[in-house]
>>> print(open('coords_30.pdb').read())   # PDB, N, CA and C atoms
ATOM      1  N   MET A   1       0.844  -1.187   0.000
ATOM      2  CA  MET A   1       0.000   0.000   0.000
ATOM      3  C   MET A   1       0.882   1.239   0.000
ATOM      4  N   HIS A   2       0.409   2.245  -0.688
ATOM      5  CA  HIS A   2       1.138   3.507  -0.773
ATOM      6  C   HIS A   2       0.302   4.590  -0.090
ATOM      7  N   TRP A   3       0.724   5.021   1.096
ATOM      8  CA  TRP A   3      -0.008   6.018   1.880
ATOM      9  C   TRP A   3       0.582   7.399   1.631
ATOM     10  N   ILE A   4      -0.297   8.373   1.356
ATOM     11  CA  ILE A   4       0.152   9.732   1.078
ATOM     12  C   ILE A   4      -0.646  10.733   1.910
ATOM     13  N   SER A   5      -0.159  11.956   1.968
ATOM     14  CA  SER A   5      -0.808  13.007   2.772
ATOM     15  C   SER A   5      -2.103  13.469   2.113
ATOM     16  N   THR A   6      -2.899  14.200   2.871
ATOM     17  CA  THR A   6      -4.154  14.754   2.357
ATOM     18  C   THR A   6      -3.900  15.671   1.165
ATOM     19  N   ALA A   7      -2.912  16.536   1.271
ATOM     20  CA  ALA A   7      -2.605  17.461   0.174
ATOM     21  C   ALA A   7      -2.218  16.707  -1.086
ATOM     22  N   GLU A   8      -1.390  15.667  -0.940
ATOM     23  CA  GLU A   8      -0.984  14.873  -2.102
ATOM     24  C   GLU A   8      -2.171  14.140  -2.729
ATOM     25  N   MET A   9      -3.055  13.601  -1.868
ATOM     26  CA  MET A   9      -4.216  12.870  -2.381
ATOM     27  C   MET A   9      -5.152  13.814  -3.119
ATOM     28  N   ALA A  10      -5.404  14.982  -2.557
ATOM     29  CA  ALA A  10      -6.273  15.962  -3.211
ATOM     30  C   ALA A  10      -5.694  16.384  -4.554
ATOM     31  N   GLU A  11      -4.400  16.597  -4.597
ATOM     32  CA  GLU A  11      -3.745  16.974  -5.853
ATOM     33  C   GLU A  11      -3.870  15.864  -6.893
ATOM     34  N   GLU A  12      -3.688  14.635  -6.463
ATOM     35  CA  GLU A  12      -3.802  13.485  -7.367
ATOM     36  C   GLU A  12      -5.203  13.405  -7.982
ATOM     37  N   LEU A  13      -6.225  13.762  -7.193
ATOM     38  CA  LEU A  13      -7.614  13.692  -7.659
ATOM     39  C   LEU A  13      -8.092  14.986  -8.305
ATOM     40  N   HIS A  14      -7.238  15.998  -8.322
ATOM     41  CA  HIS A  14      -7.593  17.313  -8.870
ATOM     42  C   HIS A  14      -8.797  17.909  -8.147
ATOM     43  N   MET A  15      -8.754  17.867  -6.814
ATOM     44  CA  MET A  15      -9.802  18.472  -5.999
ATOM     45  C   MET A  15      -9.157  19.134  -4.792
ATOM     46  N   CYS A  16      -9.911  19.976  -4.126
ATOM     47  CA  CYS A  16      -9.368  20.632  -2.937
ATOM     48  C   CYS A  16      -9.431  19.666  -1.749
ATOM     49  N   THR A  17      -8.640  19.961  -0.729
ATOM     50  CA  THR A  17      -8.593  19.084   0.441
ATOM     51  C   THR A  17      -9.941  19.044   1.154
ATOM     52  N   LYS A  18     -10.689  20.132   1.132
ATOM     53  CA  LYS A  18     -12.007  20.150   1.793
ATOM     54  C   LYS A  18     -12.982  19.198   1.106
ATOM     55  N   SER A  19     -12.914  19.104  -0.210
ATOM     56  CA  SER A  19     -13.778  18.158  -0.930
ATOM     57  C   SER A  19     -13.422  16.721  -0.569
ATOM     58  N   LEU A  20     -12.147  16.445  -0.455
ATOM     59  CA  LEU A  20     -11.688  15.116  -0.063
ATOM     60  C   LEU A  20     -12.176  14.787   1.355
ATOM     61  N   GLN A  21     -12.056  15.744   2.255
ATOM     62  CA  GLN A  21     -12.519  15.530   3.627
ATOM     63  C   GLN A  21     -14.034  15.328   3.666
ATOM     64  N   ARG A  22     -14.771  16.065   2.822
ATOM     65  CA  ARG A  22     -16.227  15.919   2.781
ATOM     66  C   ARG A  22     -16.606  14.502   2.341
ATOM     67  N   LEU A  23     -15.910  13.958   1.347
ATOM     68  CA  LEU A  23     -16.172  12.586   0.918
ATOM     69  C   LEU A  23     -15.935  11.602   2.060
ATOM     70  N   ARG A  24     -14.909  11.855   2.827
ATOM     71  CA  ARG A  24     -14.617  10.992   3.992
ATOM     72  C   ARG A  24     -15.740  11.101   5.019
ATOM     73  N   LEU A  25     -16.133  12.311   5.353
ATOM     74  CA  LEU A  25     -17.159  12.526   6.375
ATOM     75  C   LEU A  25     -18.529  12.002   5.952
ATOM     76  N   GLU A  26     -18.799  12.012   4.650
ATOM     77  CA  GLU A  26     -20.075  11.506   4.134
ATOM     78  C   GLU A  26     -20.083   9.986   3.973
ATOM     79  N   GLY A  27     -18.944   9.336   4.253
ATOM     80  CA  GLY A  27     -18.885   7.881   4.239
ATOM     81  C   GLY A  27     -18.530   7.247   2.909
ATOM     82  N   TYR A  28     -18.154   8.049   1.919
ATOM     83  CA  TYR A  28     -17.748   7.486   0.633
ATOM     84  C   TYR A  28     -16.380   6.817   0.712
ATOM     85  N   LEU A  29     -15.537   7.261   1.637
ATOM     86  CA  LEU A  29     -14.208   6.690   1.821
ATOM     87  C   LEU A  29     -14.144   6.060   3.213
ATOM     88  N   LEU A  30     -13.683   4.839   3.277
ATOM     89  CA  LEU A  30     -13.763   4.053   4.505
ATOM     90  C   LEU A  30     -12.466   4.053   5.313
ATOM     91  N   PRO A  31     -12.598   4.215   6.639
ATOM     92  CA  PRO A  31     -11.410   4.165   7.494
ATOM     93  C   PRO A  31     -10.775   2.777   7.464
ATOM     94  N   GLY A  32      -9.457   2.757   7.474
ATOM     95  CA  GLY A  32      -8.723   1.497   7.451
ATOM     96  C   GLY A  32      -8.496   0.965   6.054
ATOM     97  N   ARG A  33      -9.334   1.378   5.129
ATOM     98  CA  ARG A  33      -9.177   0.945   3.736
ATOM     99  C   ARG A  33      -8.656   2.093   2.876
ATOM    100  N   GLU A  34      -9.405   3.204   2.847
ATOM    101  CA  GLU A  34      -8.982   4.338   2.044
ATOM    102  C   GLU A  34      -8.159   5.359   2.824
ATOM    103  N   PHE A  35      -8.325   5.402   4.123
ATOM    104  CA  PHE A  35      -7.541   6.347   4.925
ATOM    105  C   PHE A  35      -7.307   5.808   6.328
ATOM    106  N   ILE A  36      -6.247   6.304   6.934
ATOM    107  CA  ILE A  36      -5.931   5.987   8.331
ATOM    108  C   ILE A  36      -5.466   7.273   9.015
ATOM    109  N   ARG A  37      -5.516   7.260  10.321
ATOM    110  CA  ARG A  37      -4.996   8.373  11.102
ATOM    111  C   ARG A  37      -3.775   7.862  11.850
ATOM    112  N   GLY A  38      -2.835   8.752  12.079
ATOM    113  CA  GLY A  38      -1.641   8.383  12.849
ATOM    114  C   GLY A  38      -2.010   7.943  14.260
ATOM    115  N   HIS A  39      -1.078   7.928  15.162
ATOM    116  CA  HIS A  39      -1.280   7.371  16.490
ATOM    117  C   HIS A  39      -2.090   8.237  17.442
ATOM    118  N   GLY A  40      -2.184   9.536  17.202
ATOM    119  CA  GLY A  40      -2.952  10.390  18.101
ATOM    120  C   GLY A  40      -4.247  10.864  17.468
ATOM    121  N   ARG A  41      -5.166  11.349  18.313
ATOM    122  CA  ARG A  41      -6.446  11.848  17.799
ATOM    123  C   ARG A  41      -6.270  12.994  16.829
ATOM    124  N   ARG A  42      -5.230  13.769  17.022
ATOM    125  CA  ARG A  42      -4.999  14.938  16.173
ATOM    126  C   ARG A  42      -3.936  14.704  15.099
ATOM    127  N   SER A  43      -3.540  13.454  14.955
ATOM    128  CA  SER A  43      -2.548  13.123  13.924
ATOM    129  C   SER A  43      -3.161  13.318  12.540
ATOM    130  N   PRO A  44      -2.349  13.681  11.571
ATOM    131  CA  PRO A  44      -2.881  13.873  10.221
ATOM    132  C   PRO A  44      -3.336  12.544   9.603
ATOM    133  N   LEU A  45      -4.271  12.656   8.683
ATOM    134  CA  LEU A  45      -4.742  11.482   7.954
ATOM    135  C   LEU A  45      -3.730  11.106   6.880
ATOM    136  N   LEU A  46      -3.666   9.833   6.597
ATOM    137  CA  LEU A  46      -2.897   9.314   5.475
ATOM    138  C   LEU A  46      -3.874   8.569   4.583
ATOM    139  N   TRP A  47      -3.657   8.657   3.285
ATOM    140  CA  TRP A  47      -4.591   8.123   2.310
ATOM    141  C   TRP A  47      -3.937   7.023   1.488
ATOM    142  N   ASN A  48      -4.662   5.944   1.285
ATOM    143  CA  ASN A  48      -4.214   4.836   0.445
ATOM    144  C   ASN A  48      -4.527   5.237  -0.997
ATOM    145  N   LYS A  49      -3.513   5.664  -1.697
ATOM    146  CA  LYS A  49      -3.682   6.231  -3.034
ATOM    147  C   LYS A  49      -4.486   5.318  -3.957
ATOM    148  N   ASN A  50      -4.099   4.077  -4.090
ATOM    149  CA  ASN A  50      -4.779   3.165  -5.017
ATOM    150  C   ASN A  50      -6.216   2.886  -4.599
ATOM    151  N   ALA A  51      -6.469   2.715  -3.302
ATOM    152  CA  ALA A  51      -7.825   2.432  -2.823
ATOM    153  C   ALA A  51      -8.744   3.633  -3.027
ATOM    154  N   VAL A  52      -8.238   4.837  -2.806
ATOM    155  CA  VAL A  52      -9.059   6.036  -2.996
ATOM    156  C   VAL A  52      -9.389   6.213  -4.476
ATOM    157  N   ILE A  53      -8.411   6.031  -5.342
ATOM    158  CA  ILE A  53      -8.659   6.157  -6.778
ATOM    159  C   ILE A  53      -9.700   5.129  -7.225
ATOM    160  N   GLN A  54      -9.602   3.911  -6.746
ATOM    161  CA  GLN A  54     -10.578   2.871  -7.084
ATOM    162  C   GLN A  54     -11.967   3.239  -6.561
ATOM    163  N   ALA A  55     -12.051   3.736  -5.334
ATOM    164  CA  ALA A  55     -13.336   4.143  -4.768
ATOM    165  C   ALA A  55     -13.958   5.273  -5.578
ATOM    166  N   MET A  56     -13.136   6.210  -6.032
ATOM    167  CA  MET A  56     -13.645   7.323  -6.830
ATOM    168  C   MET A  56     -14.123   6.824  -8.200
ATOM    169  N   ARG A  57     -13.442   5.869  -8.781
ATOM    170  CA  ARG A  57     -13.889   5.293 -10.063
ATOM    171  C   ARG A  57     -15.242   4.608  -9.898
ATOM    172  N   CYS A  58     -15.400   3.849  -8.819
ATOM    173  CA  CYS A  58     -16.671   3.167  -8.566
ATOM    174  C   CYS A  58     -17.793   4.177  -8.338
ATOM    175  N   ARG A  59     -17.488   5.226  -7.595
ATOM    176  CA  ARG A  59     -18.483   6.266  -7.324
ATOM    177  C   ARG A  59     -18.893   6.956  -8.620
ATOM    178  N   THR A  60     -17.930   7.277  -9.463
ATOM    179  CA  THR A  60     -18.213   7.926 -10.750
ATOM    180  C   THR A  60     -19.048   7.011 -11.636
ATOM    181  N   ALA A  61     -18.699   5.735 -11.690
ATOM    182  CA  ALA A  61     -19.460   4.777 -12.508
ATOM    183  C   ALA A  61     -20.888   4.667 -12.008
ATOM    184  N   SER A  62     -21.074   4.670 -10.706
ATOM    185  CA  SER A  62     -22.412   4.585 -10.120
ATOM    186  C   SER A  62     -23.245   5.809 -10.478
ATOM    187  N   ILE A  63     -22.634   6.983 -10.421
ATOM    188  CA  ILE A  63     -23.339   8.226 -10.748
ATOM    189  C   ILE A  63     -23.707   8.241 -12.228
ATOM    190  N   GLU A  64     -22.793   7.808 -13.075
ATOM    191  CA  GLU A  64     -23.024   7.831 -14.515
ATOM    192  C   GLU A  64     -24.068   6.814 -14.957
ATOM    193  N   SER A  65     -24.274   5.758 -14.198
ATOM    194  CA  SER A  65     -25.242   4.727 -14.584
ATOM    195  C   SER A  65     -26.675   5.119 -14.251
ATOM    196  N   HIS A  66     -26.864   6.186 -13.496
ATOM    197  CA  HIS A  66     -28.227   6.617 -13.119
ATOM    198  C   HIS A  66     -28.765   7.597 -14.082
TER     199      HIS A  66
END
>>> encode(input="coords_30.pdb", output="structure tokens")
Amino acid sequence: MHWISTAEMAEELHMCTKSLQRLRLEGYLLPGREFIRGHGRRSPLLWNKNAVIQAMRCRTASIESH
């Protein structure tokens, strides 16, 4: 797995960090699979690049099929 910072993940997806966080908070991205937090409550999030890209592809396909 390749874990990257929030800023790097947002850049990879061509979206702002707030949009990425909103997807997480709305449940589109799953903890432990698409993102993890460091050891403390206030530790920064790390994102599984490949899992997030796959989740976004599935989400896009679902939206386009409706």
>>> resolve_selection(input="coords_30.pdb", expression="the PyMOL selection byres (((chain A and resi 56 and name CA) around 12) and name CA)", output="PyMOL selection string")
chain A and resi 9-10+12-15+20+23-24+28-30+34+49-55+57-63
>>> write_last_selection(input="coords_30.pdb", atoms="N, CA and C atoms", output="mmCIF file, in the coordinates of the input")
data_model
loop_
_atom_site.group_PDB
_atom_site.id
_atom_site.type_symbol
_atom_site.label_atom_id
_atom_site.label_comp_id
_atom_site.auth_asym_id
_atom_site.auth_seq_id
_atom_site.Cartn_x
_atom_site.Cartn_y
_atom_site.Cartn_z
ATOM 1 N N MET A 9 -3.055 13.601 -1.868
ATOM 2 C CA MET A 9 -4.216 12.870 -2.381
ATOM 3 C C MET A 9 -5.152 13.814 -3.119
ATOM 4 N N ALA A 10 -5.404 14.982 -2.557
ATOM 5 C CA ALA A 10 -6.273 15.962 -3.211
ATOM 6 C C ALA A 10 -5.694 16.384 -4.554
ATOM 7 N N GLU A 12 -3.688 14.635 -6.463
ATOM 8 C CA GLU A 12 -3.802 13.485 -7.367
ATOM 9 C C GLU A 12 -5.203 13.405 -7.982
ATOM 10 N N LEU A 13 -6.225 13.762 -7.193
ATOM 11 C CA LEU A 13 -7.614 13.692 -7.659
ATOM 12 C C LEU A 13 -8.092 14.986 -8.305
ATOM 13 N N HIS A 14 -7.238 15.998 -8.322
ATOM 14 C CA HIS A 14 -7.593 17.313 -8.870
ATOM 15 C C HIS A 14 -8.797 17.909 -8.147
ATOM 16 N N MET A 15 -8.754 17.867 -6.814
ATOM 17 C CA MET A 15 -9.802 18.472 -5.999
ATOM 18 C C MET A 15 -9.157 19.134 -4.792
ATOM 19 N N LEU A 20 -12.147 16.445 -0.455
ATOM 20 C CA LEU A 20 -11.688 15.116 -0.063
ATOM 21 C C LEU A 20 -12.176 14.787 1.355
ATOM 22 N N LEU A 23 -15.910 13.958 1.347
ATOM 23 C CA LEU A 23 -16.172 12.586 0.918
ATOM 24 C C LEU A 23 -15.935 11.602 2.060
ATOM 25 N N ARG A 24 -14.909 11.855 2.827
ATOM 26 C CA ARG A 24 -14.617 10.992 3.992
ATOM 27 C C ARG A 24 -15.740 11.101 5.019
ATOM 28 N N TYR A 28 -18.154 8.049 1.919
ATOM 29 C CA TYR A 28 -17.748 7.486 0.633
ATOM 30 C C TYR A 28 -16.380 6.817 0.712
ATOM 31 N N LEU A 29 -15.537 7.261 1.637
ATOM 32 C CA LEU A 29 -14.208 6.690 1.821
ATOM 33 C C LEU A 29 -14.144 6.060 3.213
ATOM 34 N N LEU A 30 -13.683 4.839 3.277
ATOM 35 C CA LEU A 30 -13.763 4.053 4.505
ATOM 36 C C LEU A 30 -12.466 4.053 5.313
ATOM 37 N N GLU A 34 -9.405 3.204 2.847
ATOM 38 C CA GLU A 34 -8.982 4.338 2.044
ATOM 39 C C GLU A 34 -8.159 5.359 2.824
ATOM 40 N N LYS A 49 -3.513 5.664 -1.697
ATOM 41 C CA LYS A 49 -3.682 6.231 -3.034
ATOM 42 C C LYS A 49 -4.486 5.318 -3.957
ATOM 43 N N ASN A 50 -4.099 4.077 -4.090
ATOM 44 C CA ASN A 50 -4.779 3.165 -5.017
ATOM 45 C C ASN A 50 -6.216 2.886 -4.599
ATOM 46 N N ALA A 51 -6.469 2.715 -3.302
ATOM 47 C CA ALA A 51 -7.825 2.432 -2.823
ATOM 48 C C ALA A 51 -8.744 3.633 -3.027
ATOM 49 N N VAL A 52 -8.238 4.837 -2.806
ATOM 50 C CA VAL A 52 -9.059 6.036 -2.996
ATOM 51 C C VAL A 52 -9.389 6.213 -4.476
ATOM 52 N N ILE A 53 -8.411 6.031 -5.342
ATOM 53 C CA ILE A 53 -8.659 6.157 -6.778
ATOM 54 C C ILE A 53 -9.700 5.129 -7.225
ATOM 55 N N GLN A 54 -9.602 3.911 -6.746
ATOM 56 C CA GLN A 54 -10.578 2.871 -7.084
ATOM 57 C C GLN A 54 -11.967 3.239 -6.561
ATOM 58 N N ALA A 55 -12.051 3.736 -5.334
ATOM 59 C CA ALA A 55 -13.336 4.143 -4.768
ATOM 60 C C ALA A 55 -13.958 5.273 -5.578
ATOM 61 N N ARG A 57 -13.442 5.869 -8.781
ATOM 62 C CA ARG A 57 -13.889 5.293 -10.063
ATOM 63 C C ARG A 57 -15.242 4.608 -9.898
ATOM 64 N N CYS A 58 -15.400 3.849 -8.819
ATOM 65 C CA CYS A 58 -16.671 3.167 -8.566
ATOM 66 C C CYS A 58 -17.793 4.177 -8.338
ATOM 67 N N ARG A 59 -17.488 5.226 -7.595
ATOM 68 C CA ARG A 59 -18.483 6.266 -7.324
ATOM 69 C C ARG A 59 -18.893 6.956 -8.620
ATOM 70 N N THR A 60 -17.930 7.277 -9.463
ATOM 71 C CA THR A 60 -18.213 7.926 -10.750
ATOM 72 C C THR A 60 -19.048 7.011 -11.636
ATOM 73 N N ALA A 61 -18.699 5.735 -11.690
ATOM 74 C CA ALA A 61 -19.460 4.777 -12.508
ATOM 75 C C ALA A 61 -20.888 4.667 -12.008
ATOM 76 N N SER A 62 -21.074 4.670 -10.706
ATOM 77 C CA SER A 62 -22.412 4.585 -10.120
ATOM 78 C C SER A 62 -23.245 5.809 -10.478
ATOM 79 N N ILE A 63 -22.634 6.983 -10.421
ATOM 80 C CA ILE A 63 -23.339 8.226 -10.748
ATOM 81 C C ILE A 63 -23.707 8.241 -12.228
#
>>> atom_distance(input="coords_30.pdb", atom1="atom C of Pro44 (chain A)", atom2="atom C of Gln21 (chain A)")
12.5 Å
>>> atom_distance(input="coords_30.pdb", atom1="atom N of Arg41 (chain A)", atom2="atom C of Glu11 (chain A)")
25.6 Å
>>> select_by_dssp(input="coords_30.pdb", residues="chain A", states="strand (DSSP E)", output="number ranges by chain")
A: 3-5, 35-37, 45-48
>>> write_last_selection(input="coords_30.pdb", atoms="N, CA and C atoms", output="compact mmCIF listing (two decimals), in the frame of the given file")
# COMPACT_ATOMS: atom_id res chain seq x y z
N TRP A 3 0.72 5.02 1.10
CA TRP A 3 -0.01 6.02 1.88
C TRP A 3 0.58 7.40 1.63
N ILE A 4 -0.30 8.37 1.36
CA ILE A 4 0.15 9.73 1.08
C ILE A 4 -0.65 10.73 1.91
N SER A 5 -0.16 11.96 1.97
CA SER A 5 -0.81 13.01 2.77
C SER A 5 -2.10 13.47 2.11
N PHE A 35 -8.32 5.40 4.12
CA PHE A 35 -7.54 6.35 4.92
C PHE A 35 -7.31 5.81 6.33
N ILE A 36 -6.25 6.30 6.93
CA ILE A 36 -5.93 5.99 8.33
C ILE A 36 -5.47 7.27 9.02
N ARG A 37 -5.52 7.26 10.32
CA ARG A 37 -5.00 8.37 11.10
C ARG A 37 -3.78 7.86 11.85
N LEU A 45 -4.27 12.66 8.68
CA LEU A 45 -4.74 11.48 7.95
C LEU A 45 -3.73 11.11 6.88
N LEU A 46 -3.67 9.83 6.60
CA LEU A 46 -2.90 9.31 5.48
C LEU A 46 -3.87 8.57 4.58
N TRP A 47 -3.66 8.66 3.28
CA TRP A 47 -4.59 8.12 2.31
C TRP A 47 -3.94 7.02 1.49
N ASN A 48 -4.66 5.94 1.28
CA ASN A 48 -4.21 4.84 0.44
C ASN A 48 -4.53 5.24 -1.00
>>> select_by_dssp(input="coords_30.pdb", residues="region 24-58 of chain A", states="alpha helix (DSSP H)", output="ChimeraX atom specification")
/A:24-25,49-58
>>> atom_distance(input="coords_30.pdb", atom1="CA of Met1 (chain A)", atom2="CA of Asn48 (chain A)")
6.4 Å
>>> axis_aligned_box(input="coords_30.pdb", around="region 42-46 of chain A", padding_each_side="6 Å", output="AutoDock Vina command-line options")
--center_x -3.8 --center_y 11.8 --center_z 10.8 --size_x 14.9 --size_y 18.4 --size_z 24.4
>>> closest_residue(input="coords_30.pdb", among="A:Glu8, A:Glu26, A:Thr17, A:Phe35", to="Trp47 (chain A)", atoms="all atoms listed in the file")
A:Phe35
>>> build_atoms(input="coords_30.pdb", residues="region 19-44 of chain A", atoms="N, CA, C and O atoms", output="PDB file, keeping the file's coordinate frame")
ATOM      1  N   SER A  19     -12.914  19.104  -0.210  1.00  0.00           N
ATOM      2  CA  SER A  19     -13.778  18.158  -0.930  1.00  0.00           C
ATOM      3  C   SER A  19     -13.422  16.721  -0.569  1.00  0.00           C
ATOM      4  O   SER A  19     -14.308  15.881  -0.375  1.00  0.00           O
ATOM      5  N   LEU A  20     -12.147  16.445  -0.455  1.00  0.00           N
ATOM      6  CA  LEU A  20     -11.688  15.116  -0.063  1.00  0.00           C
ATOM      7  C   LEU A  20     -12.176  14.787   1.355  1.00  0.00           C
ATOM      8  O   LEU A  20     -12.699  13.696   1.602  1.00  0.00           O
ATOM      9  N   GLN A  21     -12.056  15.744   2.255  1.00  0.00           N
ATOM     10  CA  GLN A  21     -12.519  15.530   3.627  1.00  0.00           C
ATOM     11  C   GLN A  21     -14.034  15.328   3.666  1.00  0.00           C
ATOM     12  O   GLN A  21     -14.544  14.519   4.440  1.00  0.00           O
ATOM     13  N   ARG A  22     -14.771  16.065   2.822  1.00  0.00           N
ATOM     14  CA  ARG A  22     -16.227  15.919   2.781  1.00  0.00           C
ATOM     15  C   ARG A  22     -16.606  14.502   2.341  1.00  0.00           C
ATOM     16  O   ARG A  22     -17.508  13.888   2.920  1.00  0.00           O
ATOM     17  N   LEU A  23     -15.910  13.958   1.347  1.00  0.00           N
ATOM     18  CA  LEU A  23     -16.172  12.586   0.918  1.00  0.00           C
ATOM     19  C   LEU A  23     -15.935  11.602   2.060  1.00  0.00           C
ATOM     20  O   LEU A  23     -16.694  10.646   2.238  1.00  0.00           O
ATOM     21  N   ARG A  24     -14.909  11.855   2.827  1.00  0.00           N
ATOM     22  CA  ARG A  24     -14.617  10.992   3.992  1.00  0.00           C
ATOM     23  C   ARG A  24     -15.740  11.101   5.019  1.00  0.00           C
ATOM     24  O   ARG A  24     -16.269  10.087   5.491  1.00  0.00           O
ATOM     25  N   LEU A  25     -16.133  12.311   5.353  1.00  0.00           N
ATOM     26  CA  LEU A  25     -17.159  12.526   6.375  1.00  0.00           C
ATOM     27  C   LEU A  25     -18.529  12.002   5.952  1.00  0.00           C
ATOM     28  O   LEU A  25     -19.326  11.582   6.790  1.00  0.00           O
ATOM     29  N   GLU A  26     -18.799  12.012   4.650  1.00  0.00           N
ATOM     30  CA  GLU A  26     -20.075  11.506   4.134  1.00  0.00           C
ATOM     31  C   GLU A  26     -20.083   9.986   3.973  1.00  0.00           C
ATOM     32  O   GLU A  26     -21.088   9.407   3.599  1.00  0.00           O
ATOM     33  N   GLY A  27     -18.944   9.336   4.253  1.00  0.00           N
ATOM     34  CA  GLY A  27     -18.885   7.881   4.239  1.00  0.00           C
ATOM     35  C   GLY A  27     -18.530   7.247   2.909  1.00  0.00           C
ATOM     36  O   GLY A  27     -18.593   6.027   2.772  1.00  0.00           O
ATOM     37  N   TYR A  28     -18.154   8.049   1.919  1.00  0.00           N
ATOM     38  CA  TYR A  28     -17.748   7.486   0.633  1.00  0.00           C
ATOM     39  C   TYR A  28     -16.380   6.817   0.712  1.00  0.00           C
ATOM     40  O   TYR A  28     -16.086   5.925  -0.076  1.00  0.00           O
ATOM     41  N   LEU A  29     -15.537   7.261   1.637  1.00  0.00           N
ATOM     42  CA  LEU A  29     -14.208   6.690   1.821  1.00  0.00           C
ATOM     43  C   LEU A  29     -14.144   6.060   3.213  1.00  0.00           C
ATOM     44  O   LEU A  29     -14.530   6.682   4.201  1.00  0.00           O
ATOM     45  N   LEU A  30     -13.683   4.839   3.277  1.00  0.00           N
ATOM     46  CA  LEU A  30     -13.763   4.053   4.505  1.00  0.00           C
ATOM     47  C   LEU A  30     -12.466   4.053   5.313  1.00  0.00           C
ATOM     48  O   LEU A  30     -11.387   3.874   4.753  1.00  0.00           O
ATOM     49  N   PRO A  31     -12.598   4.215   6.639  1.00  0.00           N
ATOM     50  CA  PRO A  31     -11.410   4.165   7.494  1.00  0.00           C
ATOM     51  C   PRO A  31     -10.775   2.777   7.464  1.00  0.00           C
ATOM     52  O   PRO A  31     -11.468   1.759   7.389  1.00  0.00           O
ATOM     53  N   GLY A  32      -9.457   2.757   7.474  1.00  0.00           N
ATOM     54  CA  GLY A  32      -8.723   1.497   7.451  1.00  0.00           C
ATOM     55  C   GLY A  32      -8.496   0.965   6.054  1.00  0.00           C
ATOM     56  O   GLY A  32      -7.593   0.174   5.828  1.00  0.00           O
ATOM     57  N   ARG A  33      -9.334   1.378   5.129  1.00  0.00           N
ATOM     58  CA  ARG A  33      -9.177   0.945   3.736  1.00  0.00           C
ATOM     59  C   ARG A  33      -8.656   2.093   2.876  1.00  0.00           C
ATOM     60  O   ARG A  33      -7.635   1.975   2.231  1.00  0.00           O
ATOM     61  N   GLU A  34      -9.405   3.204   2.847  1.00  0.00           N
ATOM     62  CA  GLU A  34      -8.982   4.338   2.044  1.00  0.00           C
ATOM     63  C   GLU A  34      -8.159   5.359   2.824  1.00  0.00           C
ATOM     64  O   GLU A  34      -7.396   6.109   2.241  1.00  0.00           O
ATOM     65  N   PHE A  35      -8.325   5.402   4.123  1.00  0.00           N
ATOM     66  CA  PHE A  35      -7.541   6.347   4.925  1.00  0.00           C
ATOM     67  C   PHE A  35      -7.307   5.808   6.328  1.00  0.00           C
ATOM     68  O   PHE A  35      -8.043   4.947   6.807  1.00  0.00           O
ATOM     69  N   ILE A  36      -6.247   6.304   6.934  1.00  0.00           N
ATOM     70  CA  ILE A  36      -5.931   5.987   8.331  1.00  0.00           C
ATOM     71  C   ILE A  36      -5.466   7.273   9.015  1.00  0.00           C
ATOM     72  O   ILE A  36      -5.095   8.237   8.356  1.00  0.00           O
ATOM     73  N   ARG A  37      -5.516   7.260  10.321  1.00  0.00           N
ATOM     74  CA  ARG A  37      -4.996   8.373  11.102  1.00  0.00           C
ATOM     75  C   ARG A  37      -3.775   7.862  11.850  1.00  0.00           C
ATOM     76  O   ARG A  37      -3.717   6.696  12.211  1.00  0.00           O
ATOM     77  N   GLY A  38      -2.835   8.752  12.079  1.00  0.00           N
ATOM     78  CA  GLY A  38      -1.641   8.383  12.849  1.00  0.00           C
ATOM     79  C   GLY A  38      -2.010   7.943  14.260  1.00  0.00           C
ATOM     80  O   GLY A  38      -3.160   7.668  14.553  1.00  0.00           O
ATOM     81  N   HIS A  39      -1.078   7.928  15.162  1.00  0.00           N
ATOM     82  CA  HIS A  39      -1.280   7.371  16.490  1.00  0.00           C
ATOM     83  C   HIS A  39      -2.090   8.237  17.442  1.00  0.00           C
ATOM     84  O   HIS A  39      -2.648   7.727  18.391  1.00  0.00           O
ATOM     85  N   GLY A  40      -2.184   9.536  17.202  1.00  0.00           N
ATOM     86  CA  GLY A  40      -2.952  10.390  18.101  1.00  0.00           C
ATOM     87  C   GLY A  40      -4.247  10.864  17.468  1.00  0.00           C
ATOM     88  O   GLY A  40      -4.431  10.791  16.254  1.00  0.00           O
ATOM     89  N   ARG A  41      -5.166  11.349  18.313  1.00  0.00           N
ATOM     90  CA  ARG A  41      -6.446  11.848  17.799  1.00  0.00           C
ATOM     91  C   ARG A  41      -6.270  12.994  16.829  1.00  0.00           C
ATOM     92  O   ARG A  41      -7.066  13.194  15.938  1.00  0.00           O
ATOM     93  N   ARG A  42      -5.230  13.769  17.022  1.00  0.00           N
ATOM     94  CA  ARG A  42      -4.999  14.938  16.173  1.00  0.00           C
ATOM     95  C   ARG A  42      -3.936  14.704  15.099  1.00  0.00           C
ATOM     96  O   ARG A  42      -3.515  15.621  14.422  1.00  0.00           O
ATOM     97  N   SER A  43      -3.540  13.454  14.955  1.00  0.00           N
ATOM     98  CA  SER A  43      -2.548  13.123  13.924  1.00  0.00           C
ATOM     99  C   SER A  43      -3.161  13.318  12.540  1.00  0.00           C
ATOM    100  O   SER A  43      -4.362  13.129  12.358  1.00  0.00           O
ATOM    101  N   PRO A  44      -2.349  13.681  11.571  1.00  0.00           N
ATOM    102  CA  PRO A  44      -2.881  13.873  10.221  1.00  0.00           C
ATOM    103  C   PRO A  44      -3.336  12.544   9.603  1.00  0.00           C
ATOM    104  O   PRO A  44      -2.852  11.472   9.962  1.00  0.00           O
TER     105      PRO A  44
END
